[in-house]
$ cat run_30.cif   # mmCIF, C-alpha atoms
data_upload
#
loop_
_atom_site.label_atom_id
_atom_site.label_comp_id
_atom_site.auth_asym_id
_atom_site.auth_seq_id
_atom_site.Cartn_x
_atom_site.Cartn_y
_atom_site.Cartn_z
CA MET A 1 108.16 95.09 73.50
CA GLN A 2 106.25 95.65 76.71
CA LEU A 3 105.71 91.94 77.37
CA SER A 4 109.34 91.09 76.65
CA LYS A 5 110.58 93.88 78.99
CA ILE A 6 112.57 95.53 76.19
CA GLY A 7 112.75 99.29 76.70
CA SER A 8 114.25 100.60 73.46
CA ASN A 9 113.94 100.08 69.73
CA PRO A 10 117.65 99.29 69.14
CA THR A 11 117.51 96.49 71.72
CA TYR A 12 114.33 95.14 70.11
CA HIS A 13 115.90 95.07 66.64
CA ARG A 14 119.15 93.56 67.95
CA CYS A 15 117.16 90.72 69.59
CA LEU A 16 115.27 90.07 66.36
CA ASN A 17 118.53 89.94 64.38
CA GLN A 18 120.06 87.52 66.90
CA MET A 19 117.02 85.23 66.69
CA THR A 20 117.33 85.34 62.90
CA ASN A 21 120.99 84.28 63.20
CA TRP A 22 119.91 81.39 65.46
CA LYS A 23 117.37 80.43 62.75
CA TYR A 24 114.23 80.75 64.86
CA PHE A 25 112.70 82.83 62.08
CA LYS A 26 113.60 85.14 59.22
CA TYR A 27 113.43 88.83 60.04
CA LEU A 28 113.02 91.16 57.08
CA PRO A 29 113.32 94.71 58.44
CA SER A 30 111.57 97.56 56.75
CA HIS A 31 113.56 100.74 56.91
CA HIS A 32 110.44 102.80 56.20
CA PRO A 33 108.93 104.38 59.34
CA HIS A 34 105.30 103.75 58.28
CA LYS A 35 105.73 100.33 56.67
CA GLY A 36 106.00 97.34 58.97
CA SER A 37 108.79 94.78 58.97
CA LYS A 38 108.11 91.16 58.02
CA ILE A 39 108.87 87.99 59.94
CA LYS A 40 108.79 84.54 58.39
CA MET A 41 108.63 81.65 60.81
CA LEU A 42 107.78 77.95 60.93
CA ILE A 43 104.23 76.88 61.62
CA PHE A 44 104.15 75.22 65.02
CA ASP A 45 101.34 72.70 64.89
CA THR A 46 100.44 69.54 66.78
CA THR A 47 100.17 67.29 63.71
CA LYS A 48 102.28 64.19 63.19
CA GLU A 49 103.49 65.43 59.82
CA GLN A 50 106.89 66.95 59.42
CA VAL A 51 106.60 70.57 58.26
CA ALA A 52 110.24 71.59 57.96
CA ASN A 53 110.99 74.60 55.77
CA LYS A 54 107.34 75.61 55.40
CA LEU A 55 107.39 79.33 56.12
CA LYS A 56 104.33 81.50 56.55
CA THR A 57 104.21 85.29 56.43
CA SER A 58 101.71 87.54 58.04
CA GLY A 59 100.35 90.66 56.40
CA GLU A 60 99.98 92.42 59.73
CA GLN A 61 102.18 95.36 60.64
CA VAL A 62 104.36 95.30 63.72
CA VAL A 63 104.05 98.55 65.65
CA THR A 64 106.62 99.47 68.27
CA SER A 65 106.24 102.38 70.61
CA ASN A 66 108.98 104.90 71.21
CA THR A 67 108.17 105.40 74.88
CA ASN A 68 110.24 103.86 77.64
CA ASN A 69 107.96 101.85 79.92
CA ASN A 70 110.75 100.92 82.33
CA LYS A 71 110.64 104.21 84.27
CA GLN A 72 110.27 104.08 88.03
CA ILE A 73 106.78 104.44 89.38
CA GLU A 74 106.31 107.03 92.11
CA LYS A 75 105.20 105.74 95.47
CA SER A 76 101.56 106.58 95.99
CA SER A 77 101.82 105.88 99.70
CA LYS A 78 104.05 108.85 100.56
CA LEU A 79 103.42 110.68 103.81
CA GLU A 80 101.18 113.72 103.77
CA LEU A 81 102.32 117.01 105.22
CA PRO A 82 100.85 117.82 108.64
CA ILE A 83 97.37 119.31 108.45
CA ASN A 84 97.73 121.47 111.54
CA GLU A 85 99.95 122.15 114.53
CA ASN A 86 98.19 119.52 116.65
CA GLU A 87 99.45 116.71 114.42
CA VAL A 88 103.03 117.90 114.94
CA LEU A 89 102.47 118.31 118.70
CA ILE A 90 101.16 114.73 118.94
CA PHE A 91 104.18 113.39 117.02
CA PHE A 92 106.62 115.27 119.25
CA LYS A 93 104.80 114.14 122.41
CA GLU A 94 104.90 110.46 121.27
CA ASN A 95 108.67 110.74 120.91
CA GLY A 96 109.13 112.54 124.22
CA TRP A 97 110.30 115.83 122.75
CA PRO A 98 109.36 119.28 124.11
CA ASN A 99 106.19 121.01 122.89
CA ILE A 100 108.03 124.29 122.33
CA GLU A 101 110.25 122.55 119.77
CA ALA A 102 107.15 121.20 118.01
CA LYS A 103 105.75 124.73 117.73
CA LYS A 104 109.08 126.09 116.46
CA PHE A 105 109.30 123.27 113.91
CA PHE A 106 105.74 123.72 112.63
CA ASN A 107 105.97 127.52 112.41
CA HIS A 108 109.34 127.42 110.65
CA TYR A 109 108.37 124.96 107.93
CA LYS A 110 104.88 126.41 107.50
CA SER A 111 106.44 129.83 106.87
CA ILE A 112 108.67 128.49 104.09
CA GLY A 113 105.87 126.45 102.47
CA TRP A 114 107.17 123.01 103.54
CA LYS A 115 110.03 123.31 101.04
CA LEU A 116 113.79 122.96 101.30
CA GLY A 117 115.76 125.77 99.72
CA GLY A 118 112.53 127.25 98.36
CA LYS A 119 112.33 124.57 95.64
CA ILE A 120 112.27 120.99 96.91
CA GLU A 121 109.06 119.91 98.63
CA ILE A 122 109.48 118.02 101.91
CA ILE A 123 108.38 114.42 101.41
CA ASP A 124 108.79 112.94 104.89
CA TRP A 125 108.17 115.50 107.62
CA HIS A 126 108.64 112.88 110.37
CA SER A 127 112.31 112.41 109.51
CA LYS A 128 112.70 116.18 109.14
CA ALA A 129 111.34 116.58 112.70
CA GLU A 130 113.82 113.98 113.99
CA ASN A 131 116.67 115.88 112.32
CA TRP A 132 115.32 119.11 113.87
CA ILE A 133 115.63 117.62 117.36
CA LEU A 134 119.08 116.12 116.68
CA LYS A 135 120.34 119.47 115.38
CA GLY A 136 118.91 121.23 118.46
CA GLU A 137 120.75 118.82 120.75
CA GLU A 138 124.01 119.42 118.84
CA ILE A 139 123.61 123.18 119.22
CA LYS A 140 122.93 122.87 122.97
CA ALA A 141 126.02 120.69 123.39
CA SER A 142 128.25 123.14 121.52
CA ILE A 143 126.94 126.10 123.56
CA GLN A 144 127.62 124.27 126.84
CA LYS A 145 131.21 123.55 125.76
CA THR A 146 132.04 127.22 125.26
CA ASP A 147 132.44 129.62 128.16
CA ASN A 148 130.05 132.46 128.80
CA PRO A 149 130.94 135.05 126.10
CA LYS A 150 130.11 137.98 128.44
CA ASN A 151 133.04 137.12 130.73
CA ARG A 152 135.50 136.26 127.96
CA ASP A 153 138.43 138.65 127.47
CA TYR A 154 139.17 138.67 123.75
CA LEU A 155 141.98 141.30 124.04
CA LYS A 156 143.72 139.34 126.81
CA THR A 157 144.25 142.36 129.01
CA SER A 158 144.62 142.34 132.76
CA LYS A 159 142.35 144.14 135.17
CA ASN A 160 145.21 145.40 137.34
CA LYS A 161 147.00 148.00 135.24
CA ASP A 162 150.11 149.92 136.24
CA TYR A 163 149.90 153.28 134.56
CA GLY A 164 153.24 154.40 136.05
CA ARG A 165 155.18 151.87 134.00
CA PRO A 166 156.20 153.04 130.49
CA LEU A 167 154.93 151.22 127.40
#

$ encode --input "run_30.cif" --output "structure tokens"
Amino acid sequence: MQLSKIGSNPTYHRCLNQMTNWKYFKYLPSHHPHKGSKIKMLIFDTTKEQVANKLKTSGEQVVTSNTNNNKQIEKSSKLELPINENEVLIFFKENGWPNIEAKKFFNHYKSIGWKLGGKIEIIDWHSKAENWILKGEEIKASIQKTDNPKNRDYLKTSKNKDYGRPL
């Protein structure tokens, strides 16, 4: 099954039944889990004689595994987490970002164990650092758009009040 890239037993048995219908061989399934199935097939030889309808059986048992070998293989070349703060500082300096942001980034993710939501481990800290800078720029832009909150009058009252006028 592994050589033929077949991942499940039903697919394997369906292929054998189809090849039996196409008369490549005779498949005699055994419905016993410990007894092997039998396959009768023509002898393919390089002689000049015609050997039609001469079938040979093998006494060997066919063993199929129940494991799926088609699972994805994890990448072994994934990025390592930064060893120390200097590695993060160097990365930020190469990209022209401020050192204070590098320190904030390193301290924040070190304090939460380099995990997202307390469960998912960070795989690529470089892209996380890029997102950190982008998010910082968005926050700066939104703060600059708003007025200074100290001077804002939320009650919309005037400074010049006429206390002689009735309410």

$ closest_residue --input "run_30.cif" --among "A:Pro82, A:His34, A:Ser8, A:Ile90" --to "A:Asp124" --atoms "all atoms listed in the file"
A:Pro82

$ atom_distance --input "run_30.cif" --atom1 "atom CA of A:Trp97" --atom2 "atom CA of A:Lys119"
28.6 Å

$ residues_around --input "run_30.cif" --residues "A:Ile39" --least-positions-apart "6" --cutoff "7 Å" --atoms "only C-alpha atoms" --output "ChimeraX atom specification"
/A:25-28,57

$ write_last_selection --input "run_30.cif" --atoms "C-alpha atoms" --output "CSV table (one decimal), in the coordinates of the input"
chain,number,residue,atom,x,y,z
A,25,PHE,CA,112.7,82.8,62.1
A,26,LYS,CA,113.6,85.1,59.2
A,27,TYR,CA,113.4,88.8,60.0
A,28,LEU,CA,113.0,91.2,57.1
A,57,THR,CA,104.2,85.3,56.4

$ atom_distance --input "run_30.cif" --atom1 "atom CA of A:Lys115" --atom2 "atom CA of A:Asn99"
22.3 Å

$ closest_residue --input "run_30.cif" --among "A:Tyr109, A:Trp22, A:Tyr163, A:Tyr154" --to "A:Glu85" --atoms "only C-alpha atoms"
A:Tyr109

$ atom_distance --input "run_30.cif" --atom1 "atom CA of A:Thr11" --atom2 "atom CA of A:Ile43"
25.7 Å

$ residues_near_point --input "run_30.cif" --point "(99.6, 119.9, 116.8)" --cutoff "12 Å" --atoms "all atoms listed in the file" --output "number ranges by chain"
A: 82-94, 99-107

$ write_last_selection --input "run_30.cif" --atoms "C-alpha atoms" --output "PDB file, in the frame of the given file"
ATOM      1  CA  PRO A  82     100.850 117.820 108.640  1.00  0.00           C
ATOM      2  CA  ILE A  83      97.370 119.310 108.450  1.00  0.00           C
ATOM      3  CA  ASN A  84      97.730 121.470 111.540  1.00  0.00           C
ATOM      4  CA  GLU A  85      99.950 122.150 114.530  1.00  0.00           C
ATOM      5  CA  ASN A  86      98.190 119.520 116.650  1.00  0.00           C
ATOM      6  CA  GLU A  87      99.450 116.710 114.420  1.00  0.00           C
ATOM      7  CA  VAL A  88     103.030 117.900 114.940  1.00  0.00           C
ATOM      8  CA  LEU A  89     102.470 118.310 118.700  1.00  0.00           C
ATOM      9  CA  ILE A  90     101.160 114.730 118.940  1.00  0.00           C
ATOM     10  CA  PHE A  91     104.180 113.390 117.020  1.00  0.00           C
ATOM     11  CA  PHE A  92     106.620 115.270 119.250  1.00  0.00           C
ATOM     12  CA  LYS A  93     104.800 114.140 122.410  1.00  0.00           C
ATOM     13  CA  GLU A  94     104.900 110.460 121.270  1.00  0.00           C
ATOM     14  CA  ASN A  99     106.190 121.010 122.890  1.00  0.00           C
ATOM     15  CA  ILE A 100     108.030 124.290 122.330  1.00  0.00           C
ATOM     16  CA  GLU A 101     110.250 122.550 119.770  1.00  0.00           C
ATOM     17  CA  ALA A 102     107.150 121.200 118.010  1.00  0.00           C
ATOM     18  CA  LYS A 103     105.750 124.730 117.730  1.00  0.00           C
ATOM     19  CA  LYS A 104     109.080 126.090 116.460  1.00  0.00           C
ATOM     20  CA  PHE A 105     109.300 123.270 113.910  1.00  0.00           C
ATOM     21  CA  PHE A 106     105.740 123.720 112.630  1.00  0.00           C
ATOM     22  CA  ASN A 107     105.970 127.520 112.410  1.00  0.00           C
TER      23      ASN A 107
END
